[in-house]
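The structure file my_file_1.cif is reproduced below (mmCIF, C-alpha atoms).
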```
data_coords
loop_
_atom_site.group_PDB
_atom_site.id
_atom_site.type_symbol
_atom_site.label_atom_id
_atom_site.label_comp_id
_atom_site.auth_asym_id
_atom_site.auth_seq_id
_atom_site.Cartn_x
_atom_site.Cartn_y
_atom_site.Cartn_z
ATOM 1 C CA MET A 1 3.763 -7.401 -18.331
ATOM 2 C CA ASN A 2 3.008 -11.081 -17.884
ATOM 3 C CA GLU A 3 6.584 -11.562 -16.673
ATOM 4 C CA ILE A 4 5.659 -9.381 -13.654
ATOM 5 C CA ILE A 5 2.223 -10.864 -12.930
ATOM 6 C CA GLU A 6 1.334 -14.431 -13.787
ATOM 7 C CA ILE A 7 -2.388 -15.131 -14.012
ATOM 8 C CA THR A 8 -2.872 -18.859 -14.406
ATOM 9 C CA LYS A 9 -5.422 -20.256 -16.843
ATOM 10 C CA SER A 10 -7.564 -21.568 -13.944
ATOM 11 C CA ALA A 11 -7.567 -18.085 -12.361
ATOM 12 C CA GLU A 12 -8.471 -16.464 -15.680
ATOM 13 C CA GLU A 13 -11.383 -18.892 -16.168
ATOM 14 C CA TYR A 14 -12.590 -18.348 -12.587
ATOM 15 C CA LEU A 15 -12.442 -14.535 -12.908
ATOM 16 C CA PHE A 16 -14.186 -14.715 -16.292
ATOM 17 C CA LYS A 17 -17.047 -16.663 -14.655
ATOM 18 C CA LEU A 18 -17.306 -14.098 -11.823
ATOM 19 C CA ILE A 19 -17.474 -11.239 -14.331
ATOM 20 C CA LYS A 20 -20.062 -13.083 -16.432
ATOM 21 C CA ASP A 21 -22.204 -13.741 -13.333
ATOM 22 C CA LYS A 22 -22.208 -10.001 -12.532
ATOM 23 C CA ASN A 23 -23.918 -9.413 -15.905
ATOM 24 C CA GLU A 24 -22.510 -5.864 -16.294
ATOM 25 C CA VAL A 25 -21.290 -4.298 -19.544
ATOM 26 C CA ASP A 26 -17.503 -3.900 -20.040
ATOM 27 C CA LEU A 27 -16.612 -5.142 -16.559
ATOM 28 C CA SER A 28 -12.963 -6.089 -16.064
ATOM 29 C CA ILE A 29 -10.509 -6.794 -13.220
ATOM 30 C CA ARG A 30 -8.167 -4.383 -11.431
ATOM 31 C CA ILE A 31 -5.068 -5.324 -9.414
ATOM 32 C CA PHE A 32 -3.408 -2.905 -6.992
ATOM 33 C CA ILE A 33 -1.633 -2.788 -3.641
ATOM 34 C CA THR A 34 -2.671 -0.634 -0.706
ATOM 35 C CA ASP A 35 0.253 0.770 1.335
ATOM 36 C CA PRO A 36 2.824 -0.807 -1.015
ATOM 37 C CA GLY A 37 6.302 -1.379 0.355
ATOM 38 C CA THR A 38 5.147 -1.317 3.982
ATOM 39 C CA PRO A 39 4.301 -4.063 6.514
ATOM 40 C CA LYS A 40 0.615 -3.083 6.069
ATOM 41 C CA ALA A 41 0.618 -3.782 2.306
ATOM 42 C CA GLU A 42 -2.394 -5.678 0.960
ATOM 43 C CA THR A 43 -2.667 -7.010 -2.588
ATOM 44 C CA CYS A 44 -6.165 -6.337 -3.917
ATOM 45 C CA LEU A 45 -8.094 -7.745 -6.831
ATOM 46 C CA ALA A 46 -11.396 -6.000 -7.616
ATOM 47 C CA TYR A 47 -14.004 -5.550 -10.314
ATOM 48 C CA CYS A 48 -13.259 -2.576 -12.564
ATOM 49 C CA ASN A 49 -15.931 -0.578 -14.392
ATOM 50 C CA PRO A 50 -14.914 1.528 -17.412
ATOM 51 C CA ASP A 51 -15.147 4.754 -15.344
ATOM 52 C CA GLU A 52 -12.662 3.346 -12.787
ATOM 53 C CA ILE A 53 -9.868 2.868 -15.319
ATOM 54 C CA ILE A 54 -6.976 5.276 -14.758
ATOM 55 C CA THR A 55 -5.098 6.600 -17.806
ATOM 56 C CA ASP A 56 -1.700 5.268 -16.720
ATOM 57 C CA ASP A 57 -2.998 1.789 -15.773
ATOM 58 C CA ILE A 58 -1.039 -1.061 -17.301
ATOM 59 C CA ILE A 59 -3.345 -3.291 -19.381
ATOM 60 C CA ILE A 60 -3.063 -7.067 -19.561
ATOM 61 C CA ASN A 61 -5.236 -8.518 -22.322
ATOM 62 C CA LEU A 62 -5.845 -12.181 -21.628
ATOM 63 C CA GLU A 63 -7.875 -14.494 -23.813
ATOM 64 C CA LEU A 64 -11.029 -14.221 -21.681
ATOM 65 C CA ILE A 65 -10.603 -11.067 -19.580
ATOM 66 C CA THR A 66 -8.846 -7.710 -19.420
ATOM 67 C CA VAL A 67 -6.851 -6.858 -16.308
ATOM 68 C CA TYR A 68 -5.851 -3.315 -15.312
ATOM 69 C CA VAL A 69 -2.835 -2.918 -13.051
ATOM 70 C CA GLU A 70 -2.246 0.241 -11.052
ATOM 71 C CA LYS A 71 1.035 1.785 -12.240
ATOM 72 C CA ARG A 72 2.060 2.811 -8.697
ATOM 73 C CA SER A 73 1.773 -0.818 -7.549
ATOM 74 C CA LEU A 74 3.835 -2.228 -10.423
ATOM 75 C CA PRO A 75 7.278 -2.428 -8.733
ATOM 76 C CA PHE A 76 5.675 -4.218 -5.772
ATOM 77 C CA LEU A 77 3.823 -6.727 -7.982
ATOM 78 C CA LYS A 78 6.985 -8.283 -9.437
ATOM 79 C CA ASP A 79 6.769 -12.125 -9.370
ATOM 80 C CA THR A 80 3.067 -12.058 -8.396
ATOM 81 C CA ILE A 81 1.025 -15.182 -9.147
ATOM 82 C CA VAL A 82 -2.773 -15.196 -9.283
ATOM 83 C CA ASN A 83 -4.052 -18.765 -9.190
ATOM 84 C CA PHE A 84 -7.289 -20.670 -8.657
ATOM 85 C CA ASP A 85 -6.995 -24.033 -6.913
ATOM 86 C CA LYS A 86 -9.973 -26.302 -7.406
ATOM 87 C CA ASP A 87 -10.939 -28.420 -4.409
ATOM 88 C CA ASN A 88 -13.922 -30.367 -3.028
ATOM 89 C CA PHE A 89 -15.570 -27.139 -1.888
ATOM 90 C CA GLY A 90 -15.290 -25.428 -5.277
ATOM 91 C CA GLY A 91 -11.899 -23.819 -4.977
ATOM 92 C CA GLN A 92 -9.970 -20.810 -3.810
ATOM 93 C CA LEU A 93 -8.443 -17.827 -5.589
ATOM 94 C CA THR A 94 -4.985 -16.983 -4.235
ATOM 95 C CA ILE A 95 -2.688 -14.037 -4.886
ATOM 96 C CA LYS A 96 0.960 -14.501 -3.972
ATOM 97 C CA ALA A 97 2.807 -11.177 -4.126
ATOM 98 C CA PRO A 98 6.203 -11.741 -2.480
ATOM 99 C CA ASN A 99 7.392 -8.175 -3.110
ATOM 100 C CA ALA A 100 4.290 -6.271 -1.939
ATOM 101 C CA ARG A 101 5.769 -5.418 1.466
ATOM 102 C CA LEU A 102 9.374 -4.874 0.398
ATOM 103 C CA PRO A 103 10.598 -1.296 0.125
ATOM 104 C CA ASN A 104 11.052 -0.572 -3.572
ATOM 105 C CA ILE A 105 11.673 3.094 -4.214
ATOM 106 C CA SER A 106 12.883 4.820 -7.361
ATOM 107 C CA LYS A 107 12.949 8.441 -8.551
ATOM 108 C CA ASP A 108 9.529 7.795 -10.149
ATOM 109 C CA SER A 109 7.905 6.564 -6.904
ATOM 110 C CA SER A 110 5.012 8.572 -5.480
ATOM 111 C CA ILE A 111 5.637 10.954 -2.564
ATOM 112 C CA GLU A 112 3.551 8.656 -0.324
ATOM 113 C CA ASP A 113 5.765 5.679 -1.187
ATOM 114 C CA LYS A 114 8.910 7.730 -0.465
ATOM 115 C CA ILE A 115 7.503 8.883 2.900
ATOM 116 C CA ASN A 116 6.513 5.323 3.820
ATOM 117 C CA TYR A 117 9.983 4.121 2.866
ATOM 118 C CA VAL A 118 11.620 6.554 5.324
ATOM 119 C CA ILE A 119 9.017 5.820 8.028
ATOM 120 C CA TYR A 120 9.284 2.027 7.863
ATOM 121 C CA ASN A 121 13.040 1.783 7.287
ATOM 122 C CA GLU A 122 14.452 4.596 9.419
ATOM 123 C CA ILE A 123 11.893 6.089 11.809
ATOM 124 C CA ASN A 124 9.882 3.098 13.050
ATOM 125 C CA PRO A 125 12.960 0.988 13.882
ATOM 126 C CA MET A 126 13.969 3.779 16.326
ATOM 127 C CA LEU A 127 10.440 4.129 17.753
ATOM 128 C CA GLU A 128 10.190 0.356 18.291
ATOM 129 C CA SER A 129 12.641 0.602 21.199
ATOM 130 C CA HIS A 130 9.866 2.499 23.018
ATOM 131 C CA GLY A 131 7.155 0.126 21.766
ATOM 132 C CA GLY A 132 5.836 2.756 19.364
ATOM 133 C CA ASP A 133 5.331 3.398 15.685
ATOM 134 C CA VAL A 134 4.087 6.047 13.303
ATOM 135 C CA SER A 135 2.191 5.725 10.026
ATOM 136 C CA LEU A 136 1.300 8.046 7.162
ATOM 137 C CA ILE A 137 -2.395 8.924 6.951
ATOM 138 C CA GLU A 138 -2.171 11.362 4.047
ATOM 139 C CA PHE A 139 0.177 13.672 2.133
ATOM 140 C CA ASN A 140 -1.758 16.849 1.367
ATOM 141 C CA ASP A 141 -1.428 19.462 -1.380
ATOM 142 C CA LYS A 142 0.314 21.876 1.023
ATOM 143 C CA GLY A 143 3.272 19.490 1.340
ATOM 144 C CA ILE A 144 2.299 18.320 4.832
ATOM 145 C CA ALA A 145 2.624 14.654 5.816
ATOM 146 C CA ILE A 146 -0.281 13.809 8.139
ATOM 147 C CA LEU A 147 0.921 11.190 10.620
ATOM 148 C CA GLN A 148 -0.572 9.007 13.331
ATOM 149 C CA PHE A 149 1.336 7.534 16.247
ATOM 150 C CA GLY A 150 0.596 4.183 17.871
ATOM 151 C CA GLY A 151 1.830 1.971 20.697
ATOM 152 C CA GLY A 152 4.195 3.617 23.170
ATOM 153 C CA CYS A 153 4.152 6.878 21.169
ATOM 154 C CA GLN A 154 0.429 7.473 21.715
ATOM 155 C CA GLY A 155 0.062 9.804 24.703
ATOM 156 C CA CYS A 156 3.849 10.059 25.103
ATOM 157 C CA GLY A 157 5.107 13.256 26.756
ATOM 158 C CA MET A 158 8.061 13.441 24.324
ATOM 159 C CA VAL A 159 6.004 13.113 21.125
ATOM 160 C CA ASP A 160 6.378 16.793 20.097
ATOM 161 C CA LEU A 161 10.161 16.510 20.261
ATOM 162 C CA THR A 162 10.084 13.206 18.353
ATOM 163 C CA LEU A 163 7.778 14.728 15.734
ATOM 164 C CA LYS A 164 9.695 17.967 15.096
ATOM 165 C CA GLU A 165 13.324 17.037 15.775
ATOM 166 C CA GLY A 166 13.241 13.467 14.535
ATOM 167 C CA ILE A 167 10.509 12.678 12.041
ATOM 168 C CA GLU A 168 9.956 16.076 10.411
ATOM 169 C CA LYS A 169 13.704 16.708 10.096
ATOM 170 C CA SER A 170 14.264 13.297 8.442
ATOM 171 C CA LEU A 171 11.375 13.622 5.997
ATOM 172 C CA VAL A 172 12.101 17.249 4.983
ATOM 173 C CA GLU A 173 15.818 16.513 4.469
ATOM 174 C CA GLN A 174 15.228 13.397 2.378
ATOM 175 C CA ILE A 175 12.070 14.290 0.443
ATOM 176 C CA PRO A 176 12.078 17.856 -0.973
ATOM 177 C CA GLU A 177 8.301 17.849 -1.547
ATOM 178 C CA VAL A 178 7.659 17.494 2.207
ATOM 179 C CA VAL A 179 7.595 20.892 3.928
ATOM 180 C CA GLY A 180 6.306 19.716 7.315
ATOM 181 C CA VAL A 181 4.432 17.116 9.335
ATOM 182 C CA LYS A 182 1.221 17.144 11.356
ATOM 183 C CA ASP A 183 0.200 14.722 14.095
ATOM 184 C CA VAL A 184 -3.479 13.662 14.201
ATOM 185 C CA THR A 185 -3.071 11.190 17.089
ATOM 186 C CA ASP A 186 -5.394 11.429 20.105
ATOM 187 C CA HIS A 187 -2.737 11.763 22.810
ATOM 188 C CA THR A 188 -5.292 11.803 25.647
ATOM 189 C CA ILE A 189 -5.193 7.997 25.390
ATOM 190 C CA ASP A 190 -1.932 7.260 27.178
ATOM 191 C CA GLU A 191 -2.207 3.799 28.800
ATOM 192 C CA ASN A 192 0.733 2.474 26.749
ATOM 193 C CA ALA A 193 2.774 5.704 26.615
ATOM 194 C CA TYR A 194 6.517 5.255 27.042
ATOM 195 C CA TYR A 195 6.965 8.653 28.736
ATOM 196 C CA LYS A 196 4.014 10.139 30.657
#
```
Write the structure described by the file as structure tokens, please.
Amino acid sequence: MNEIIEITKSAEEYLFKLIKDKNEVDLSIRIFITDPGTPKAETCLAYCNPDEIITDDIIINLELITVYVEKRSLPFLKDTIVNFDKDNFGGQLTIKAPNARLPNISKDSSIEDKINYVIYNEINPMLESHGGDVSLIEFNDKGIAILQFGGGCQGCGMVDLTLKEGIEKSLVEQIPEVVGVKDVTDHTIDENAYYK
């Protein structure tokens, strides 16, 4: 595991001090990525209470602390470095995750990651010519991908055609678990719409 994420000694000592200052029993650290493999990806480091541990978390036992890594985030955390740089103002904790925003899909990837892969690599490049984009809000238990449009697609008169003939067709063909799409965009706001 440590070949995927490197936590420097200074970072470990800094995180240990933060945990100690919280004065809570069995507190540890959790690392995960929100919206992995997309331009919106954010690498997060948070406190982790025992009841927040997920059964398939990957555990890193360091000398001073225990770190739990979200399994879903693992492919996107390759070559990540967590470091603490001391300076005149105390110091700064940094997380460098060069692969967080890179598409990295395998047969084991979550449905959300597969949908985001298609959206950011196939659909959004086409929508960009109209100054628009679409993003996944949620994938529900009925197999519906809930989407939100932005930019030139918000309020666009052609959005229904784009949604059904373009986006839905692509997602259903490529991801068997997706049975349809739903748009939750407020299309009454149309100042930037490409087609009115």
* To do: For each of A:Thr34, A:Thr185, A:Asn124, A:Ser28, take the minimum atom-to-atom distance to Pro50 (chain A), counting only C-alpha atoms, then give the residue where this is smallest.
  =>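 Looking only at the distances to Pro50 (chain A), the closest residue turns out to be A:Ser28.
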* Find the residue from A:Ala100, A:Met126, A:Ile146, A:Ile29 that sits nearest to Glu168 (chain A); use only C-alpha atoms when measuring. => A:Ile146
* Find, counting all atoms listed in the file, the residue in A:Ile31, A:Ile111, A:Val82, A:Ile144 that gets nearest to Ile58 (chain A). =>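 Ranking A:Ile31, A:Ile111, A:Val82, A:Ile144 by distance to Ile58 (chain A), first place goes to A:Ile31.
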* Asked: Quick one: of A:Glu165, A:Glu13, A:Asp183, A:Asp133, who's nearest to Leu62 (chain A), counting all atoms listed in the file?
  ->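 Nearest to Leu62 (chain A): A:Glu13.
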* To do: Can you work out the spacing between CA of Ile105 (chain A) and CA of Val67 (chain A) in Å, to one decimal?
  =>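 CA of Ile105 (chain A) sits 24.3 Å away from CA of Val67 (chain A).
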* **Which residue of A:Ile65, A:Ile119, A:Val179, A:Leu136 approaches Lys17 (chain A) most closely, using only C-alpha atoms** =>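 Distance minimum relative to Lys17 (chain A) lands on A:Ile65.
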Listed atoms of region 52-69 of chain A, axis-aligned box, 8 Å per side: centre and edge lengths to one decimal in Å, as JSON?
```
{"center_x": -6.9, "center_y": -3.9, "center_z": -18.3, "size_x": 27.6, "size_y": 37.1, "size_z": 27.0}
```
* Which residue gives the smallest distance to Val118 (chain A) among A:Asn99, A:Thr66, A:Asn104, A:Ser10, with all atoms listed in the file counted? -> A:Asn104
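The two atoms in question, CA of Pro125 (chain A) and CA of Pro75 (chain A), are spaced 23.6 Å apart.
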* Asked: What is the CA of Leu27 (chain A)-CA of Asp79 (chain A) distance in Å, reported with one decimal?
  -> 25.4 Å
* To verify the selection step, state as a PyMOL selection string which residues the PyMOL selection byres ((chain A and resi 42) around 9) yields on this input. => chain A and resi 32-36+39-41+43-44+100-101
* Around (-2.6, -18.9, -16.3) in the file's frame, which residues reach within 12 Å when counting all atoms listed in the file? Return as an NGL selection string? -> :A and (2-3 or 5-15 or 62-65 or 80-85)
* To do: Please write the residues picked by the PyMOL selection byres ((chain A and resi 141) around 12) on this file as a ChimeraX atom specification.
  => /A:111-112,138-140,142-146,177-180
Could the residues in this selection be written to a file with C-alpha atoms, as a compact mmCIF listing (two decimals), keeping the file's coordinate frame?
```
# COMPACT_ATOMS: atom_id res chain seq x y z
CA ILE A 111 5.64 10.95 -2.56
CA GLU A 112 3.55 8.66 -0.32
CA GLU A 138 -2.17 11.36 4.05
CA PHE A 139 0.18 13.67 2.13
CA ASN A 140 -1.76 16.85 1.37
CA LYS A 142 0.31 21.88 1.02
CA GLY A 143 3.27 19.49 1.34
CA ILE A 144 2.30 18.32 4.83
CA ALA A 145 2.62 14.65 5.82
CA ILE A 146 -0.28 13.81 8.14
CA GLU A 177 8.30 17.85 -1.55
CA VAL A 178 7.66 17.49 2.21
CA VAL A 179 7.60 20.89 3.93
CA GLY A 180 6.31 19.72 7.32
```
* List the residues selected by the PyMOL selection byres ((chain A and resi 25) around 12) in the file shown, writing them as a VMD selection string. => chain A and resid 19 to 24 26 to 28 47 to 51
